[in-house]
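Dumped run_2.csv below, it's CSV, C-alpha atoms and all ligand atoms:
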chain,number,residue,atom,x,y,z
Y,1,MET,CA,-65.2,24.0,54.2
Y,2,LYS,CA,-64.1,24.9,57.7
Y,3,PHE,CA,-64.3,22.0,60.0
Y,4,HIS,CA,-64.1,21.8,63.8
Y,5,MET,CA,-61.7,19.4,65.4
Y,6,HIS,CA,-63.0,17.7,68.5
Y,7,THR,CA,-60.7,17.7,71.5
Y,8,PRO,CA,-60.3,14.0,72.4
Y,9,VAL,CA,-61.1,13.1,76.0
Y,10,MET,CA,-58.8,11.1,78.4
Y,11,VAL,CA,-56.4,10.2,75.7
Y,12,GLN,CA,-53.7,9.0,78.1
Y,13,GLU,CA,-56.2,6.9,80.0
Y,14,VAL,CA,-57.5,5.4,76.7
Y,15,LEU,CA,-53.9,4.5,75.6
Y,16,HIS,CA,-53.2,3.0,79.0
Y,17,TYR,CA,-56.3,0.7,78.9
Y,18,ILE,CA,-56.3,-0.2,75.2
Y,19,ALA,CA,-52.5,-0.5,75.3
Y,20,PRO,CA,-52.1,-0.7,71.5
Y,21,ARG,CA,-49.3,-2.9,70.3
Y,22,LYS,CA,-47.5,-3.0,66.9
Y,23,GLY,CA,-49.1,-5.6,64.6
Y,24,GLY,CA,-52.5,-5.5,66.3
Y,25,ILE,CA,-55.9,-4.8,64.8
Y,26,TYR,CA,-57.9,-2.0,66.6
Y,27,VAL,CA,-61.4,-0.7,66.0
Y,28,ASP,CA,-62.4,2.8,66.8
Y,29,CYS,CA,-66.2,2.5,66.8
Y,30,THR,CA,-66.7,6.2,67.3
Y,31,LEU,CA,-64.1,7.8,65.0
Y,32,GLY,CA,-65.4,11.4,65.3
Y,33,THR,CA,-62.6,13.6,64.0
Y,34,GLY,CA,-60.0,10.9,64.6
Y,35,GLY,CA,-58.3,12.2,67.7
Y,36,HIS,CA,-58.1,8.9,69.6
Y,37,SER,CA,-57.3,7.0,66.4
Y,38,GLN,CA,-54.4,9.3,65.7
Y,39,ALA,CA,-53.1,8.8,69.3
Y,40,MET,CA,-53.2,5.0,68.8
Y,41,LEU,CA,-51.4,5.2,65.5
Y,42,GLU,CA,-48.8,7.6,66.9
Y,43,LYS,CA,-48.2,5.4,69.9
Y,44,THR,CA,-47.4,2.4,67.6
Y,45,ASP,CA,-45.5,4.3,64.9
Y,46,GLY,CA,-48.4,3.6,62.5
Y,47,LYS,CA,-47.8,-0.2,62.8
Y,48,ILE,CA,-51.3,-1.3,63.5
Y,49,ARG,CA,-54.4,-1.9,61.3
Y,50,LEU,CA,-57.1,0.5,62.3
Y,51,ILE,CA,-60.8,0.3,61.4
Y,52,GLY,CA,-62.5,3.7,62.1
Y,53,ILE,CA,-66.3,3.6,62.2
Y,54,ASP,CA,-68.7,6.6,62.3
Y,55,TRP,CA,-72.2,7.0,60.9
Y,56,ASP,CA,-71.8,10.7,60.4
Y,57,GLU,CA,-70.7,11.6,56.9
Y,58,GLU,CA,-68.9,14.8,58.0
Y,59,ALA,CA,-66.9,12.9,60.7
Y,60,ILE,CA,-65.7,10.4,58.1
Y,61,ASN,CA,-64.7,13.3,55.7
Y,62,ILE,CA,-62.8,15.2,58.4
Y,63,SER,CA,-61.0,12.0,59.7
Y,64,CYS,CA,-60.1,11.0,56.2
Y,65,LYS,CA,-58.1,14.3,55.9
Y,66,HIS,CA,-56.9,14.2,59.4
Y,67,LEU,CA,-55.5,10.6,59.2
Y,68,ARG,CA,-54.2,10.8,55.6
Y,69,GLU,CA,-50.6,10.2,56.7
Y,70,TYR,CA,-51.7,6.7,57.8
Y,71,LYS,CA,-54.0,5.9,54.8
Y,72,GLU,CA,-52.3,2.6,54.2
Y,73,GLN,CA,-53.1,1.3,57.7
Y,74,VAL,CA,-56.5,2.8,58.1
Y,75,VAL,CA,-59.9,1.8,56.8
Y,76,LEU,CA,-62.8,4.2,57.4
Y,77,VAL,CA,-66.3,2.9,57.4
Y,78,ARG,CA,-69.5,5.0,57.4
Y,79,ALA,CA,-71.8,2.7,59.4
Y,80,ASN,CA,-73.7,2.2,62.6
Y,81,PHE,CA,-71.5,0.5,65.2
Y,82,ALA,CA,-74.5,-1.7,66.0
Y,83,ASP,CA,-73.6,-3.5,62.8
Y,84,ILE,CA,-70.1,-4.4,64.0
Y,85,THR,CA,-70.2,-8.1,63.0
Y,86,LYS,CA,-71.2,-7.2,59.5
Y,87,ILE,CA,-68.6,-4.4,59.2
Y,88,LEU,CA,-65.7,-6.6,60.5
Y,89,LYS,CA,-66.7,-9.6,58.3
Y,90,GLU,CA,-66.7,-7.4,55.3
Y,91,GLU,CA,-63.1,-6.5,56.1
Y,92,ASN,CA,-62.3,-10.2,56.7
Y,93,ILE,CA,-61.5,-9.5,60.3
Y,94,TYR,CA,-62.3,-12.2,62.9
Y,95,LYS,CA,-60.1,-11.2,65.8
Y,96,VAL,CA,-59.5,-7.8,67.2
Y,97,ASN,CA,-57.0,-6.6,69.8
Y,98,GLY,CA,-58.9,-3.6,71.0
Y,99,PHE,CA,-62.2,-1.8,70.7
Y,100,LEU,CA,-62.8,1.9,71.6
Y,101,TYR,CA,-66.1,3.5,72.1
Y,102,ASP,CA,-66.2,7.3,72.8
Y,103,LEU,CA,-69.9,7.8,72.9
Y,104,GLY,CA,-72.1,10.8,72.3
Y,105,LEU,CA,-71.5,13.8,70.1
Y,106,SER,CA,-68.4,15.3,68.5
Y,107,SER,CA,-67.8,19.0,68.7
Y,108,HIS,CA,-68.4,19.4,64.9
Y,109,GLN,CA,-71.9,18.0,65.5
Y,110,LEU,CA,-72.6,20.1,68.6
Y,111,ASP,CA,-71.3,23.3,67.1
Y,112,ASN,CA,-73.2,23.0,63.9
Y,113,VAL,CA,-76.5,24.8,64.7
Y,114,PHE,CA,-78.3,23.4,61.7
Y,115,ARG,CA,-78.3,19.9,63.2
Y,116,GLY,CA,-80.7,20.8,65.9
Y,117,PHE,CA,-78.8,19.3,68.9
Y,118,SER,CA,-78.7,22.6,70.9
Y,119,PHE,CA,-81.5,24.2,72.7
Y,120,ARG,CA,-79.6,27.5,72.7
Y,121,GLU,CA,-79.8,27.9,69.0
Y,122,ASP,CA,-82.8,28.0,66.7
Y,123,ALA,CA,-82.8,25.3,64.1
Y,124,LEU,CA,-84.9,22.6,62.6
Y,125,LEU,CA,-85.7,19.9,65.1
Y,126,ASP,CA,-83.6,17.2,63.5
Y,127,MET,CA,-80.9,15.6,65.8
Y,128,ARG,CA,-80.1,12.7,63.5
Y,129,MET,CA,-76.4,11.7,63.7
Y,130,ASP,CA,-76.8,9.7,60.5
Y,131,LYS,CA,-78.7,11.8,57.9
Y,132,ARG,CA,-79.7,8.6,56.1
Y,133,GLU,CA,-82.0,7.7,58.9
Y,134,LYS,CA,-85.7,8.5,58.3
Y,135,ILE,CA,-87.0,9.5,61.7
Y,136,ASN,CA,-85.9,12.8,63.2
Y,137,ALA,CA,-86.7,14.6,66.5
Y,138,ALA,CA,-89.6,16.5,64.9
Y,139,ASP,CA,-91.2,13.2,63.9
Y,140,ILE,CA,-91.0,11.9,67.4
Y,141,VAL,CA,-92.4,15.2,68.9
Y,142,ASN,CA,-95.2,15.4,66.4
Y,143,LYS,CA,-96.2,11.8,66.0
Y,144,SER,CA,-95.8,10.1,69.4
Y,145,SER,CA,-98.7,9.6,71.7
Y,146,GLN,CA,-98.8,11.5,75.0
Y,147,SER,CA,-97.8,8.5,77.0
Y,148,GLU,CA,-95.0,7.6,74.5
Y,149,LEU,CA,-93.6,11.2,74.8
Y,150,GLU,CA,-93.9,11.0,78.6
Y,151,ASP,CA,-92.0,7.7,78.6
Y,152,ILE,CA,-89.2,9.1,76.4
Y,153,LEU,CA,-88.7,12.2,78.6
Y,154,TRP,CA,-88.9,10.2,81.8
Y,155,ASN,CA,-86.9,7.1,80.9
Y,156,LEU,CA,-84.3,8.7,78.6
Y,157,GLY,CA,-84.0,12.2,80.1
Y,158,GLU,CA,-84.9,11.4,83.7
Y,159,GLU,CA,-87.0,14.5,83.4
Y,160,ARG,CA,-89.2,15.1,86.5
Y,161,TRP,CA,-91.6,17.3,84.5
Y,162,ALA,CA,-92.1,14.7,81.8
Y,163,LYS,CA,-95.8,14.4,82.3
Y,164,ARG,CA,-96.5,18.1,82.1
Y,165,MET,CA,-94.1,18.6,79.2
Y,166,ALA,CA,-95.8,15.8,77.2
Y,167,GLU,CA,-99.2,17.4,77.9
Y,168,PHE,CA,-98.0,20.8,76.7
Y,169,ILE,CA,-96.4,19.4,73.6
Y,170,ILE,CA,-99.7,17.7,72.7
Y,171,GLU,CA,-101.7,20.9,73.2
Y,172,GLU,CA,-99.3,22.9,71.0
Y,173,ARG,CA,-99.3,20.3,68.3
Y,174,LYS,CA,-103.1,20.7,68.0
Y,175,VAL,CA,-102.5,24.3,66.9
Y,176,CYS,CA,-99.4,23.8,64.7
Y,177,PRO,CA,-96.7,21.2,64.1
Y,178,ILE,CA,-93.5,21.6,66.2
Y,179,THR,CA,-90.7,22.0,63.8
Y,180,SER,CA,-88.0,24.1,65.5
Y,181,THR,CA,-85.8,23.9,68.6
Y,182,LYS,CA,-86.9,27.4,69.6
Y,183,GLN,CA,-90.6,26.4,69.4
Y,184,LEU,CA,-89.9,23.3,71.6
Y,185,VAL,CA,-87.9,25.3,74.1
Y,186,GLU,CA,-90.8,27.8,74.4
Y,187,ILE,CA,-93.3,25.0,75.1
Y,188,LEU,CA,-91.0,23.4,77.7
Y,189,LYS,CA,-90.6,26.8,79.4
Y,190,ARG,CA,-94.4,27.1,79.7
Y,191,ALA,CA,-94.6,23.5,81.1
Y,192,VAL,CA,-92.1,24.1,84.0
Y,193,PRO,CA,-93.3,26.5,86.6
Y,194,ALA,CA,-91.1,29.6,86.9
Y,195,LYS,CA,-89.9,28.9,90.4
Y,196,PHE,CA,-88.7,25.5,89.4
Y,197,ARG,CA,-87.0,26.8,86.3
Y,198,ARG,CA,-85.0,29.3,88.3
Y,199,GLY,CA,-84.0,26.8,90.9
Y,200,ARG,CA,-82.6,24.2,88.5
Y,201,LYS,CA,-78.9,23.6,88.3
Y,202,ILE,CA,-79.2,22.7,84.6
Y,203,HIS,CA,-81.3,24.4,81.9
Y,204,PHE,CA,-84.9,23.3,81.8
Y,205,ALA,CA,-84.5,22.0,78.3
Y,206,THR,CA,-81.3,19.9,78.8
Y,207,ARG,CA,-82.9,16.7,79.7
Y,208,THR,CA,-85.6,16.8,77.0
Y,209,PHE,CA,-83.0,17.4,74.3
Y,210,GLN,CA,-80.9,14.6,75.7
Y,211,ALA,CA,-83.9,12.2,75.7
Y,212,LEU,CA,-84.9,13.1,72.1
Y,213,ARG,CA,-81.4,12.7,70.9
Y,214,ILE,CA,-81.1,9.2,72.5
Y,215,ALA,CA,-84.5,8.2,71.0
Y,216,VAL,CA,-83.9,9.6,67.5
Y,217,ASN,CA,-80.5,7.8,67.3
Y,218,ARG,CA,-81.6,4.7,69.2
Y,219,GLU,CA,-78.4,5.2,71.2
Y,220,LEU,CA,-79.0,2.7,74.0
Y,221,GLU,CA,-80.1,-0.2,71.7
Y,222,ASN,CA,-77.1,0.4,69.4
Y,223,LEU,CA,-74.7,0.3,72.4
Y,224,GLN,CA,-76.2,-2.9,73.8
Y,225,LYS,CA,-76.0,-4.8,70.5
Y,226,SER,CA,-72.6,-3.5,69.6
Y,227,LEU,CA,-70.9,-4.3,73.0
Y,228,SER,CA,-72.3,-7.9,73.0
Y,229,GLU,CA,-71.0,-8.5,69.4
Y,230,ALA,CA,-67.6,-6.8,69.9
Y,231,ILE,CA,-66.7,-8.9,72.9
Y,232,ASN,CA,-67.0,-12.0,70.6
Y,233,PHE,CA,-64.4,-10.6,68.3
Y,234,LEU,CA,-61.8,-9.9,71.0
Y,235,SER,CA,-58.7,-12.0,71.0
Y,236,SER,CA,-57.4,-13.3,74.3
Y,237,GLY,CA,-55.9,-10.4,76.1
Y,238,GLY,CA,-57.7,-8.0,73.8
Y,239,LYS,CA,-59.1,-4.8,75.4
Y,240,ILE,CA,-62.4,-3.0,75.2
Y,241,CYS,CA,-62.7,0.6,76.4
Y,242,VAL,CA,-65.9,2.6,76.6
Y,243,MET,CA,-66.3,6.3,77.5
Y,244,SER,CA,-69.9,7.4,78.2
Y,245,TYR,CA,-71.3,10.8,78.9
Y,246,HIS,CA,-74.5,10.0,80.8
Y,247,SER,CA,-75.7,7.6,83.4
Y,248,LEU,CA,-77.9,5.5,81.1
Y,249,GLU,CA,-75.1,4.6,78.8
Y,250,ASP,CA,-72.7,4.0,81.7
Y,251,ARG,CA,-75.2,1.6,83.3
Y,252,ILE,CA,-75.4,-0.4,80.1
Y,253,VAL,CA,-71.6,-0.7,80.0
Y,254,LYS,CA,-71.3,-1.6,83.6
Y,255,SER,CA,-73.9,-4.3,83.5
Y,256,LYS,CA,-72.7,-5.8,80.2
Y,257,PHE,CA,-69.2,-6.1,81.7
Y,258,LYS,CA,-70.5,-7.6,85.0
Y,259,GLN,CA,-72.7,-10.1,83.1
Y,260,VAL,CA,-69.7,-11.7,81.4
Y,261,GLU,CA,-67.1,-11.0,84.1
Y,262,GLY,CA,-65.0,-14.1,84.9
Y,263,LYS,CA,-66.4,-15.9,81.9
Y,264,GLU,CA,-65.4,-13.8,79.0
Y,265,LEU,CA,-63.9,-10.6,80.5
Y,266,ARG,CA,-61.7,-9.4,83.3
Y,267,ILE,CA,-62.7,-5.9,84.4
Y,268,LEU,CA,-59.7,-3.5,84.4
Y,269,THR,CA,-61.6,-0.6,86.0
Y,270,PRO,CA,-63.2,-1.7,89.3
Y,271,LYS,CA,-64.0,1.9,89.8
Y,272,VAL,CA,-65.2,4.1,86.9
Y,273,VAL,CA,-62.4,6.4,85.7
Y,274,LYS,CA,-63.1,10.1,85.4
Y,275,PRO,CA,-61.0,12.9,83.8
Y,276,SER,CA,-58.6,14.8,85.9
Y,277,LEU,CA,-59.4,18.2,87.3
Y,278,GLN,CA,-56.9,19.7,84.9
Y,279,GLU,CA,-58.6,18.2,81.9
Y,280,THR,CA,-62.1,19.3,82.9
Y,281,LYS,CA,-60.7,22.8,83.3
Y,282,GLU,CA,-59.0,22.8,79.9
Y,283,ASN,CA,-61.9,21.0,78.2
Y,284,PRO,CA,-65.2,21.5,80.0
Y,285,ARG,CA,-66.9,19.1,77.6
Y,286,SER,CA,-64.9,16.2,79.2
Y,287,ARG,CA,-66.6,16.9,82.5
Y,288,SER,CA,-69.2,14.1,82.3
Y,289,ALA,CA,-67.0,11.4,80.8
Y,290,ARG,CA,-66.8,8.1,82.5
Y,291,LEU,CA,-64.4,5.4,81.3
Y,292,ARG,CA,-64.7,1.6,81.8
Y,293,ALA,CA,-62.3,-1.0,80.4
Y,294,ALA,CA,-62.1,-4.8,80.3
Y,295,GLU,CA,-59.8,-7.5,78.9
Y,296,ARG,CA,-60.8,-10.7,77.1
Y,297,LEU,CA,-59.9,-13.8,79.1
N,301,LIG,C1,-67.6,11.9,71.1
N,301,LIG,S1,-67.5,11.6,69.4
N,301,LIG,C2,-66.0,10.8,69.2
N,301,LIG,C3,-64.8,11.6,69.1
N,301,LIG,C4,-63.5,10.9,68.7
N,301,LIG,N1,-63.1,10.0,69.8
N,301,LIG,C5,-62.4,11.9,68.4
N,301,LIG,O1,-61.3,11.8,69.0
N,301,LIG,O2,-62.6,12.8,67.6
N,301,LIG,C6,-68.6,10.4,69.1
N,301,LIG,C7,-68.8,10.0,67.6
N,301,LIG,O3,-69.5,8.7,67.6
N,301,LIG,C8,-70.3,8.7,66.5
N,301,LIG,N2,-71.4,7.8,66.8
N,301,LIG,C9,-72.3,7.8,67.9
N,301,LIG,N3,-73.1,6.7,67.8
N,301,LIG,C10,-72.7,6.0,66.7
N,301,LIG,C11,-73.1,4.7,66.2
N,301,LIG,N4,-74.1,4.0,66.7
N,301,LIG,N5,-72.5,4.3,65.1
N,301,LIG,C12,-71.4,5.0,64.6
N,301,LIG,N6,-71.0,6.1,65.0
N,301,LIG,C13,-71.6,6.6,66.1
N,301,LIG,C14,-70.8,10.2,66.4
N,301,LIG,O4,-71.3,10.4,65.1
N,301,LIG,C15,-69.6,11.0,66.8
N,301,LIG,O5,-68.8,11.3,65.6

What would you get if you wrote out this structure as structure tokens?
Amino acid sequence: MKFHMHTPVMVQEVLHYIAPRKGGIYVDCTLGTGGHSQAMLEKTDGKIRLIGIDWDEEAINISCKHLREYKEQVVLVRANFADITKILKEENIYKVNGFLYDLGLSSHQLDNVFRGFSFREDALLDMRMDKREKINAADIVNKSSQSELEDILWNLGEERWAKRMAEFIIEERKVCPITSTKQLVEILKRAVPAKFRRGRKIHFATRTFQALRIAVNRELENLQKSLSEAINFLSSGGKICVMSYHSLEDRIVKSKFKQVEGKELRILTPKVVKPSLQETKENPRSRSARLRAAERL
């Protein structure tokens, strides 16, 4: 099978903040296709123990091949990073020198039209990152009440047309279930008046698709839980580095770090770190990345 390698974002910045050292234990909570893990392994001549976590089966399979040179040092776990305590205890790990979170989607997920993440391609309305999960985007769109839908689009997509979109979805649903990305895009198109559609900087479906993806995968809840638990595993001087791709995630990271600043963590990035202009030109998907890092006291 042909697989798509994801171009890792801000690799030098990640290495700078995590500062991996030989003999240490590092956890890549969002393994993807293993780009950042590989960089940490190369930086330390493979002399670290690395736990790579991803809930996406394809990501684990790709990384397994990609990192095979380091198979003695690496353990790959297919799991939700929200279960970090359980995952580490099962590996008999109680202290960690560095955690990395590179949130969001990997290119192999975005580029696979069948997964339903893109509003530009017609596919089943799925959006599950972990195929073992039961609820997909179609379930949310077809089974939520109008006010629940409005809340999802407003709170998780910051979509100003949330109310009208929810109304239009409910109307369409009465006629037939909404099962495809194309069908949903057509409904959203009708919900947003033409003059506002034309004037928008981003596509009128962008925010709805983002909101549904966050809801399906419970992304904010998972991040909250995982960060709190990961901090407890950090050894003194251990680092935690998080890259997020939208403001809701970044807000969670910022406020979690602030909450324990001076007690458990020292913040290493007083100002959020963004990719260089050069990197955003070479890899437009890095554009929205925001990095925050902290050190265990
Ligand atoms: C942006 S990609 C990471 C790319 C990676 N740093 C690389 O260099 O290839 C994000 C990855 O995190 C995974 N992911 C997102 N949320 C997760 C969660 N709650 N638990 C486990 N994996 C998750 C996704 O499946 C995806 O593969």

Compute the set of protein, DNA and RNA residues whose minimum atom distance to ligand LIG 301 (chain N) is at most 6 Å, using only C-alpha atoms and all ligand atoms, and state it as a compact mmCIF listing (two decimals) with C-alpha atoms, keeping the file's coordinate frame.
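Just written: pocket33.txt:
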# COMPACT_ATOMS: atom_id res chain seq x y z
CA HIS Y 6 -63.00 17.70 68.50
CA PRO Y 8 -60.30 14.00 72.40
CA THR Y 30 -66.70 6.20 67.30
CA LEU Y 31 -64.10 7.80 65.00
CA GLY Y 32 -65.40 11.40 65.30
CA THR Y 33 -62.60 13.60 64.00
CA GLY Y 34 -60.00 10.90 64.60
CA GLY Y 35 -58.30 12.20 67.70
CA HIS Y 36 -58.10 8.90 69.60
CA ILE Y 53 -66.30 3.60 62.20
CA ASP Y 54 -68.70 6.60 62.30
CA TRP Y 55 -72.20 7.00 60.90
CA ASP Y 56 -71.80 10.70 60.40
CA ALA Y 59 -66.90 12.90 60.70
CA ALA Y 79 -71.80 2.70 59.40
CA ASN Y 80 -73.70 2.20 62.60
CA PHE Y 81 -71.50 0.50 65.20
CA ALA Y 82 -74.50 -1.70 66.00
CA ASP Y 102 -66.20 7.30 72.80
CA LEU Y 103 -69.90 7.80 72.90
CA GLY Y 104 -72.10 10.80 72.30
CA LEU Y 105 -71.50 13.80 70.10
CA SER Y 106 -68.40 15.30 68.50
CA MET Y 129 -76.40 11.70 63.70
CA ASN Y 222 -77.10 0.40 69.40

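Closest approach to His16 in chain Y among Y:Asn155, Y:Thr179, Y:Thr269, Y:Ser63 is made by Y:Thr269 (distances from all atoms listed in the file).
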
Can you tell me, as number ranges by chain, which residues sit within 8 Å of (-96.7, 15.4, 75.9) in the file's frame, using only C-alpha atoms?
Y: 145-147, 149-150, 162-171

Could you write those residues out with C-alpha atoms, as an mmCIF file, in the coordinates of the input?
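Written out: result10.cif:
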data_model
loop_
_atom_site.group_PDB
_atom_site.id
_atom_site.type_symbol
_atom_site.label_atom_id
_atom_site.label_comp_id
_atom_site.auth_asym_id
_atom_site.auth_seq_id
_atom_site.Cartn_x
_atom_site.Cartn_y
_atom_site.Cartn_z
ATOM 1 C CA SER Y 145 -98.700 9.600 71.700
ATOM 2 C CA GLN Y 146 -98.800 11.500 75.000
ATOM 3 C CA SER Y 147 -97.800 8.500 77.000
ATOM 4 C CA LEU Y 149 -93.600 11.200 74.800
ATOM 5 C CA GLU Y 150 -93.900 11.000 78.600
ATOM 6 C CA ALA Y 162 -92.100 14.700 81.800
ATOM 7 C CA LYS Y 163 -95.800 14.400 82.300
ATOM 8 C CA ARG Y 164 -96.500 18.100 82.100
ATOM 9 C CA MET Y 165 -94.100 18.600 79.200
ATOM 10 C CA ALA Y 166 -95.800 15.800 77.200
ATOM 11 C CA GLU Y 167 -99.200 17.400 77.900
ATOM 12 C CA PHE Y 168 -98.000 20.800 76.700
ATOM 13 C CA ILE Y 169 -96.400 19.400 73.600
ATOM 14 C CA ILE Y 170 -99.700 17.700 72.700
ATOM 15 C CA GLU Y 171 -101.700 20.900 73.200
#

Per-residue nearest contacts range 66-85 of chain Y to range 91-100 of chain Y, cut-off 12 Å, using all atoms listed in the file, as a Markdown table:
| residue | atom | partner | partner_atom | distance |
| --- | --- | --- | --- | --- |
| Y:Val74 | CA | Y:Glu91 | CA | 11.6 |
| Y:Val75 | CA | Y:Glu91 | CA | 8.9 |
| Y:Leu76 | CA | Y:Glu91 | CA | 10.8 |
| Y:Val77 | CA | Y:Glu91 | CA | 10.0 |
| Y:Phe81 | CA | Y:Leu100 | CA | 10.9 |
| Y:Ile84 | CA | Y:Ile93 | CA | 10.7 |
| Y:Thr85 | CA | Y:Tyr94 | CA | 8.9 |

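Distance annotation: of Y:Lys43, Y:Lys182, Y:His108, Y:His66, the residue with the minimal separation from Ala123 in chain Y is Y:Lys182; atom set is only C-alpha atoms.
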
Generate the coordinates of N, CA and C atoms for range 118-134 of chain Y; report them as a CSV table (one decimal), in the coordinates of the input.
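The new file selection-v2.csv reads:
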chain,number,residue,atom,x,y,z
Y,118,SER,N,-78.8,21.6,69.8
Y,118,SER,CA,-78.7,22.6,70.9
Y,118,SER,C,-80.0,23.3,71.1
Y,119,PHE,N,-80.3,23.4,72.4
Y,119,PHE,CA,-81.5,24.2,72.7
Y,119,PHE,C,-81.2,25.7,72.8
Y,120,ARG,N,-80.0,26.0,72.6
Y,120,ARG,CA,-79.6,27.5,72.7
Y,120,ARG,C,-79.7,28.2,71.4
Y,121,GLU,N,-79.7,27.4,70.3
Y,121,GLU,CA,-79.8,27.9,69.0
Y,121,GLU,C,-81.1,27.5,68.3
Y,122,ASP,N,-81.6,28.4,67.4
Y,122,ASP,CA,-82.8,28.0,66.7
Y,122,ASP,C,-82.4,27.2,65.4
Y,123,ALA,N,-83.1,26.1,65.3
Y,123,ALA,CA,-82.8,25.3,64.1
Y,123,ALA,C,-83.9,24.3,63.9
Y,124,LEU,N,-83.9,23.6,62.8
Y,124,LEU,CA,-84.9,22.6,62.6
Y,124,LEU,C,-84.7,21.5,63.6
Y,125,LEU,N,-85.8,20.9,64.1
Y,125,LEU,CA,-85.7,19.9,65.1
Y,125,LEU,C,-85.3,18.5,64.5
Y,126,ASP,N,-84.0,18.3,64.3
Y,126,ASP,CA,-83.6,17.2,63.5
Y,126,ASP,C,-82.9,16.1,64.5
Y,127,MET,N,-81.7,16.4,64.9
Y,127,MET,CA,-80.9,15.6,65.8
Y,127,MET,C,-80.5,14.2,65.3
Y,128,ARG,N,-80.6,14.0,64.0
Y,128,ARG,CA,-80.1,12.7,63.5
Y,128,ARG,C,-78.6,12.7,63.4
Y,129,MET,N,-77.9,11.7,63.9
Y,129,MET,CA,-76.4,11.7,63.7
Y,129,MET,C,-76.1,11.1,62.3
Y,130,ASP,N,-77.0,10.2,61.8
Y,130,ASP,CA,-76.8,9.7,60.5
Y,130,ASP,C,-78.0,10.2,59.6
Y,131,LYS,N,-77.6,11.1,58.7
Y,131,LYS,CA,-78.7,11.8,57.9
Y,131,LYS,C,-79.5,10.8,57.0
Y,132,ARG,N,-79.0,9.5,56.9
Y,132,ARG,CA,-79.7,8.6,56.1
Y,132,ARG,C,-80.9,8.0,56.8
Y,133,GLU,N,-80.9,8.2,58.1
Y,133,GLU,CA,-82.0,7.7,58.9
Y,133,GLU,C,-83.3,8.5,58.6
Y,134,LYS,N,-84.5,7.8,58.7
Y,134,LYS,CA,-85.7,8.5,58.3
Y,134,LYS,C,-86.4,9.3,59.4
